[in-house]
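Novice: What follows is the file coords.pdb, containing PDB, C-alpha atoms:
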```
MODEL        1
ATOM      1  CA  ALA A1039      14.285  20.022  81.147
ATOM      2  CA  PHE A1040      11.765  18.501  78.730
ATOM      3  CA  ALA A1041      11.248  15.523  81.064
ATOM      4  CA  TYR A1042      10.828  17.908  84.015
ATOM      5  CA  THR A1043       8.206  19.997  82.189
ATOM      6  CA  SER A1044       6.353  16.910  80.958
ATOM      7  CA  SER A1045       6.389  15.359  84.432
ATOM      8  CA  ASN A1046       5.068  18.525  86.085
ATOM      9  CA  ASN A1047       2.318  18.905  83.495
ATOM     10  CA  ALA A1048       1.276  15.286  84.011
ATOM     11  CA  LEU A1049       1.206  15.787  87.796
ATOM     12  CA  LYS A1050      -0.871  18.971  87.443
ATOM     13  CA  ASP A1051      -3.348  17.221  85.160
ATOM     14  CA  SER A1052      -3.583  14.301  87.568
ATOM     15  CA  VAL A1053      -4.219  16.498  90.640
ATOM     16  CA  GLN A1054      -6.720  18.701  88.796
ATOM     17  CA  GLN A1055      -8.645  15.703  87.424
ATOM     18  CA  GLY A1056      -8.691  14.202  90.916
ATOM     19  CA  MET A1057     -10.128  17.397  92.362
ATOM     20  CA  LYS A1058     -12.788  17.595  89.649
ATOM     21  CA  SER A1059     -13.803  13.976  90.220
ATOM     22  CA  THR A1060     -14.004  14.507  93.985
ATOM     23  CA  VAL A1061     -16.129  17.652  93.814
ATOM     24  CA  ALA A1062     -18.409  16.086  91.188
ATOM     25  CA  VAL A1063     -19.171  13.109  93.441
ATOM     26  CA  MET A1064     -19.635  15.337  96.501
ATOM     27  CA  ALA A1065     -22.062  17.599  94.615
ATOM     28  CA  THR A1066     -24.350  14.651  93.904
ATOM     29  CA  GLN A1067     -24.680  14.143  97.671
ATOM     30  CA  VAL A1068     -25.988  17.666  98.341
ATOM     31  CA  ASN A1069     -29.759  18.055  98.285
ATOM     32  CA  ALA A1070     -30.869  21.431  96.948
ATOM     33  CA  SER A1071     -33.996  21.327  99.113
ATOM     34  CA  ASP A1072     -31.721  21.544 102.187
ATOM     35  CA  LEU A1073     -30.459  24.891 100.888
ATOM     36  CA  ALA A1074     -33.742  26.392  99.726
ATOM     37  CA  ASN A1075     -34.600  28.598 102.699
ATOM     38  CA  ILE A1076     -31.112  29.616 103.835
ATOM     39  CA  LYS A1077     -30.785  33.401 103.985
ATOM     40  CA  PRO A1078     -28.283  35.925 105.429
ATOM     41  CA  GLY A1079     -28.154  35.687 109.212
ATOM     42  CA  ASP A1080     -28.993  31.964 109.295
ATOM     43  CA  GLU A1081     -25.480  30.855 110.251
ATOM     44  CA  THR A1082     -26.698  29.459 113.581
ATOM     45  CA  SER A1083     -29.942  27.911 112.301
ATOM     46  CA  PRO A1084     -30.376  24.116 112.545
ATOM     47  CA  GLN A1085     -30.865  23.918 108.764
ATOM     48  CA  TYR A1086     -27.570  25.701 108.041
ATOM     49  CA  ILE A1087     -25.635  23.721 110.672
ATOM     50  CA  ALA A1088     -26.961  20.442 109.250
ATOM     51  CA  VAL A1089     -25.586  21.337 105.790
ATOM     52  CA  VAL A1090     -22.255  22.417 107.319
ATOM     53  CA  LYS A1091     -21.919  19.084 109.126
ATOM     54  CA  HIS A1092     -22.796  17.169 105.964
ATOM     55  CA  LEU A1093     -20.077  19.026 104.024
ATOM     56  CA  GLN A1094     -17.584  18.433 106.842
ATOM     57  CA  THR A1095     -18.318  14.701 106.818
ATOM     58  CA  MET A1096     -17.704  14.475 103.066
ATOM     59  CA  ARG A1097     -14.577  16.632 103.288
ATOM     60  CA  SER A1098     -13.139  14.447 106.045
ATOM     61  CA  LEU A1099     -12.894  11.557 103.564
ATOM     62  CA  ASP A1100     -10.109  13.373 101.659
ATOM     63  CA  ASP A1101      -7.192  14.810 103.669
ATOM     64  CA  ASN A1102      -6.225  17.126 100.797
ATOM     65  CA  ILE A1103      -9.466  19.119 101.024
ATOM     66  CA  ILE A1104      -9.253  21.916 103.576
ATOM     67  CA  ASN A1105     -12.598  23.603 102.892
ATOM     68  CA  ALA A1106     -15.917  22.881 101.189
ATOM     69  CA  TYR A1107     -18.532  25.525 100.499
ATOM     70  CA  ILE A1108     -21.580  26.283  98.394
ATOM     71  CA  LEU A1109     -21.960  29.273  96.102
ATOM     72  CA  LYS A1110     -24.996  30.856  94.472
ATOM     73  CA  VAL A1111     -24.156  32.173  91.005
ATOM     74  CA  LYS A1112     -25.994  35.125  89.496
ATOM     75  CA  PRO A1113     -26.474  35.732  85.757
ATOM     76  CA  ASP A1114     -23.809  38.479  85.865
ATOM     77  CA  GLN A1115     -21.349  35.758  87.026
ATOM     78  CA  THR A1116     -21.199  37.164  90.567
ATOM     79  CA  ALA A1117     -20.918  34.348  93.103
ATOM     80  CA  THR A1118     -22.042  34.663  96.717
ATOM     81  CA  PHE A1119     -21.483  32.252  99.598
ATOM     82  CA  LEU A1120     -24.446  30.191 100.732
ATOM     83  CA  VAL A1121     -22.718  27.715 103.086
ATOM     84  CA  ASP A1122     -19.126  27.581 104.358
ATOM     85  CA  ASP A1123     -18.226  24.343 106.149
ATOM     86  CA  LEU A1124     -15.697  26.100 108.396
ATOM     87  CA  MET A1125     -18.404  28.293 109.969
ATOM     88  CA  ILE A1126     -18.880  26.178 113.111
ATOM     89  CA  ASP A1127     -15.159  25.683 113.802
ATOM     90  CA  ASP A1128     -13.886  29.087 112.673
ATOM     91  CA  PRO A1129     -16.652  31.722 112.389
ATOM     92  CA  GLN A1130     -14.137  34.596 112.069
ATOM     93  CA  GLY A1131     -12.267  32.914 109.235
ATOM     94  CA  SER A1132     -15.381  31.856 107.340
ATOM     95  CA  ALA A1133     -17.530  33.468 104.683
ATOM     96  CA  ARG A1134     -20.946  34.698 105.796
ATOM     97  CA  ILE A1135     -24.151  33.917 103.897
ATOM     98  CA  GLY A1136     -24.443  36.377 101.002
ATOM     99  CA  GLU A1137     -20.775  37.418 101.065
ATOM    100  CA  VAL A1138     -19.469  37.983  97.533
ATOM    101  CA  SER A1139     -16.678  35.638  96.482
ATOM    102  CA  THR A1140     -13.446  37.435  95.583
ATOM    103  CA  SER A1141     -11.936  34.371  93.912
ATOM    104  CA  PRO A1142     -10.465  35.175  90.480
ATOM    105  CA  ASP A1143     -12.012  31.887  89.248
ATOM    106  CA  LYS A1144     -15.136  33.680  87.975
ATOM    107  CA  MET A1145     -15.159  31.872  84.631
ATOM    108  CA  GLU A1146     -14.576  28.479  86.261
ATOM    109  CA  ILE A1147     -17.356  29.073  88.818
ATOM    110  CA  PHE A1148     -19.791  30.190  86.118
ATOM    111  CA  ALA A1149     -18.865  27.222  83.895
ATOM    112  CA  ALA A1150     -19.471  24.907  86.880
ATOM    113  CA  LEU A1151     -23.188  25.569  86.492
ATOM    114  CA  SER A1152     -22.915  23.021  83.655
ATOM    115  CA  ALA A1153     -19.997  20.710  84.502
ATOM    116  CA  PRO A1154     -17.149  20.266  87.007
ATOM    117  CA  THR A1155     -14.270  22.731  86.623
ATOM    118  CA  VAL A1156     -10.980  23.498  88.371
ATOM    119  CA  SER A1157      -8.747  26.537  88.889
ATOM    120  CA  GLN A1158      -6.137  27.049  86.189
ATOM    121  CA  GLU A1159      -3.567  28.118  88.782
ATOM    122  CA  PRO A1160      -3.484  28.649  92.574
ATOM    123  CA  TYR A1161      -4.872  32.006  93.717
ATOM    124  CA  THR A1162      -4.985  34.122  96.884
ATOM    125  CA  THR A1163      -7.881  35.783  98.718
ATOM    126  CA  LYS A1164      -8.194  37.185 102.253
ATOM    127  CA  TYR A1165      -8.801  33.611 103.441
ATOM    128  CA  GLY A1166      -5.514  32.242 102.065
ATOM    129  CA  SER A1167      -4.000  30.709  98.925
ATOM    130  CA  PHE A1168      -5.867  27.870  97.244
ATOM    131  CA  MET A1169      -6.465  25.631  94.281
ATOM    132  CA  SER A1170     -10.195  24.996  93.872
ATOM    133  CA  ALA A1171     -12.604  22.731  92.050
ATOM    134  CA  TYR A1172     -16.290  23.346  91.392
ATOM    135  CA  ALA A1173     -19.336  21.254  90.449
ATOM    136  CA  PRO A1174     -23.047  21.872  89.876
ATOM    137  CA  ILE A1175     -25.578  21.001  92.572
ATOM    138  CA  ASP A1176     -28.701  19.779  90.803
ATOM    139  CA  ASP A1177     -32.022  21.264  91.859
ATOM    140  CA  ALA A1178     -33.196  17.731  92.695
ATOM    141  CA  THR A1179     -31.088  14.665  93.387
ATOM    142  CA  GLU A1180     -33.996  12.470  92.303
ATOM    143  CA  ASP A1181     -36.187  13.180  89.257
ATOM    144  CA  SER A1182     -33.626  15.752  88.154
ATOM    145  CA  THR A1183     -34.798  18.518  85.864
ATOM    146  CA  GLY A1184     -31.216  19.170  84.783
ATOM    147  CA  ASN A1185     -31.211  22.608  86.389
ATOM    148  CA  THR A1186     -28.405  23.766  88.665
ATOM    149  CA  TYR A1187     -29.409  25.256  92.008
ATOM    150  CA  ALA A1188     -25.928  26.175  93.263
ATOM    151  CA  VAL A1189     -22.233  25.309  92.883
ATOM    152  CA  LEU A1190     -20.220  23.208  95.327
ATOM    153  CA  ALA A1191     -16.573  24.230  95.738
ATOM    154  CA  ILE A1192     -13.657  22.502  97.437
ATOM    155  CA  ASP A1193     -10.259  23.991  98.271
ATOM    156  CA  MET A1194      -6.799  22.482  98.416
ATOM    157  CA  SER A1195      -4.069  24.670  99.907
ATOM    158  CA  ALA A1196      -1.802  26.224  97.280
ATOM    159  CA  SER A1197       1.277  24.939  99.121
ATOM    160  CA  ASP A1198      -0.053  21.344  99.074
ATOM    161  CA  TYR A1199      -0.903  21.706  95.394
ATOM    162  CA  ASN A1200       2.564  23.047  94.571
ATOM    163  CA  THR A1201       4.205  20.231  96.546
ATOM    164  CA  ALA A1202       2.074  17.595  94.814
ATOM    165  CA  THR A1203       2.807  18.977  91.356
ATOM    166  CA  SER A1204       6.531  19.739  91.668
ATOM    167  CA  LYS A1205       7.825  16.237  92.302
ATOM    168  CA  GLY A1206       9.240  16.409  88.804
ATOM    169  CA  GLY A1207      12.059  18.454  90.362
ATOM    170  CA  LEU A1208      13.821  15.171  91.096
ATOM    171  CA  ILE A1209      13.968  14.510  87.356
ATOM    172  CA  LEU A1210      15.549  17.926  86.772
ATOM    173  CA  ILE A1211      18.154  17.453  89.525
ATOM    174  CA  THR A1212      18.984  13.951  88.312
ATOM    175  CA  GLY A1213      19.277  15.241  84.763
ATOM    176  CA  ILE A1214      21.648  18.059  85.758
ATOM    177  CA  LEU A1215      23.808  15.666  87.812
ATOM    178  CA  SER A1216      23.937  13.230  84.886
ATOM    179  CA  ILE A1217      25.079  16.017  82.565
ATOM    180  CA  LEU A1218      27.768  17.126  85.022
ATOM    181  CA  ILE A1219      29.030  13.552  85.443
ATOM    182  CA  ALA A1220      29.061  13.051  81.680
ATOM    183  CA  LEU A1221      30.933  16.323  81.126
ATOM    184  CA  GLY A1222      33.372  15.474  83.910
ATOM    185  CA  THR A1223      34.006  12.053  82.397
ATOM    186  CA  LEU A1224      34.554  13.537  78.938
ATOM    187  CA  LEU A1225      36.936  16.124  80.380
ATOM    188  CA  VAL A1226      38.990  13.504  82.280
ATOM    189  CA  TYR A1227      39.206  11.080  79.370
ATOM    190  CA  GLY A1228      39.785  13.905  76.917
ATOM    191  CA  ARG A1229      42.859  15.023  78.915
ATOM    192  CA  LYS A1230      44.133  11.462  79.231
ATOM    193  CA  GLY A1231      43.852  11.057  75.475
ATOM    194  CA  ARG A1232      45.827  14.262  74.854
ATOM    195  CA  ASP A1233      48.468  13.331  77.461
ATOM    196  CA  GLU A1234      49.019   9.943  75.784
ATOM    197  CA  HIS A1235      49.732  11.662  72.462
TER     198      HIS A1235
ENDMDL
END
```
Could you show the structure in this file as structure tokens?
Specialist:
Amino acid sequence: AFAYTSSNNALKDSVQQGMKSTVAVMATQVNASDLANIKPGDETSPQYIAVVKHLQTMRSLDDNIINAYILKVKPDQTATFLVDDLMIDDPQGSARIGEVSTSPDKMEIFAALSAPTVSQEPYTTKYGSFMSAYAPIDDATEDSTGNTYAVLAIDMSASDYNTATSKGGLILITGILSILIALGTLLVYGRKGRDEH
């Protein structure tokens, strides 16, 4: 049981660190100036579509990422969608510009204004169940002022996350079988010993 718990924790840490690293690198490739004039209703504008396609291209490099999107974070920690990379392919299942995020990851999203973060546990919204990672988008990719313009988020499906982090189950099954075999062996040899006396 200890080995199972340790294995699962190690797998969770590994997946979460991988997600944080991925979103951090992706965030450096987003230019804040491309987002500057996007406003509600611009979902079909060339500027918005260009950002969507850029996010899709980056997301396509990692099969585990099912969605990438950009959030604007207000001082009261409310996050609203700025760009959702599923908008072209699935407008009905995508967040509109200005839509308030209902993710319970409010603290993680707010903290991502400073450094990459990741969900503590999978969560569910009207769009599905996910594990997410977040990273700051600098206000300028060159000559950075160190200010964050927005937050990039990536999603992994909760089912994929659970599958990737529960491979330690094999350790638990093997451990239980080993115990049963050991007990069976002790029982057999224990009887033989009594029968001989």
Novice: Calculate how many Å separate CA of Glu1146 (chain A) from CA of Asp1122 (chain A), rounding to one decimal.
Specialist: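 We find that CA of Glu1146 (chain A) and CA of Asp1122 (chain A) lie 18.7 Å from each other.
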Novice: With the cut-off set at 10 Å and counting all atoms listed in the file, tabulate each residue of region 1095-1123 of chain A with an atom at most that distance from an atom of region 1057-1067 of chain A, showing the nearest atom pair and its distance in Å to one decimal, ordered by chain and increasing number, as a tab-separated table.
Specialist:
```
residue	atom	partner	partner_atom	distance
A:Met1096	CA	A:Met1064	CA	6.9
A:Arg1097	CA	A:Met1064	CA	8.6
A:Asp1100	CA	A:Thr1060	CA	8.7
A:Asn1102	CA	A:Met1057	CA	9.3
A:Ile1103	CA	A:Met1057	CA	8.9
A:Ala1106	CA	A:Val1061	CA	9.0
A:Ile1108	CA	A:Ala1065	CA	9.5
```
Novice: Go ahead and save the residues from that selection, with C-alpha atoms, as a PDB file, in the coordinates of the input.
Specialist:
```
ATOM      1  CA  MET A1096     -17.704  14.475 103.066  1.00  0.00           C
ATOM      2  CA  ARG A1097     -14.577  16.632 103.288  1.00  0.00           C
ATOM      3  CA  ASP A1100     -10.109  13.373 101.659  1.00  0.00           C
ATOM      4  CA  ASN A1102      -6.225  17.126 100.797  1.00  0.00           C
ATOM      5  CA  ILE A1103      -9.466  19.119 101.024  1.00  0.00           C
ATOM      6  CA  ALA A1106     -15.917  22.881 101.189  1.00  0.00           C
ATOM      7  CA  ILE A1108     -21.580  26.283  98.394  1.00  0.00           C
TER       8      ILE A1108
END
```
Novice: Can you work out the spacing between CA of Thr1186 (chain A) and CA of Ser1141 (chain A) in Å, to one decimal?
Specialist: 20.3 Å
Novice: Can you turn the PyMOL selection byres ((chain A and resi 1147) around 12) into a concrete residue list for this file, as a count of residues only?
Specialist: 41
Novice: Apply the PyMOL selection byres ((chain A and resi 1076) around 9) to the displayed file and report the matching residues as a list in words.
Specialist: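 Against this file, the PyMOL selection byres ((chain A and resi 1076) around 9) returns the residues Asp1072, Leu1073, Ala1074, Asn1075, Lys1077, Pro1078, Gly1079, Asp1080, Glu1081, Ser1083, Gln1085, Tyr1086, Leu1120, Val1121 and Ile1135 of chain A.
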Novice: When distances are computed from only C-alpha atoms, which of A:Ser1098, A:Asn1105, A:Gln1130, A:Gln1054 shows the smallest separation from Asp1193 (chain A)?
Specialist: A:Asn1105
Novice: For Ile1087 (chain A), which of A:Glu1137, A:Asp1123, A:Asp1051, A:Asp1101 is the closest residue, counting all atoms listed in the file?
Specialist: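 Counting all atoms listed in the file, the residue closest to Ile1087 (chain A) is A:Asp1123.
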Novice: Could you please determine the separation between CA of Ser1071 (chain A) and CA of Ala1088 (chain A) in Å, to one decimal place?
Specialist: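 Atom-to-atom, CA of Ser1071 (chain A) to CA of Ala1088 (chain A), that is 12.4 Å.
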Novice: Which one is closest to Leu1093 (chain A): A:Tyr1161, A:Tyr1187, A:Ala1178, A:Tyr1107? Count all atoms listed in the file.
Specialist: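 Smallest distance to Leu1093 (chain A) is found for A:Tyr1107.
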Novice: Restricting the calculation to all atoms listed in the file, which member of A:Val1138, A:Tyr1165, A:Val1053, A:Val1090 is positioned closest to Asn1200 (chain A)?
Specialist: A:Val1053
Novice: Using only C-alpha atoms, which of A:Ala1196, A:Val1089, A:Ile1175, A:Leu1049 sits nearest Ile1104 (chain A)?
Specialist: A:Ala1196
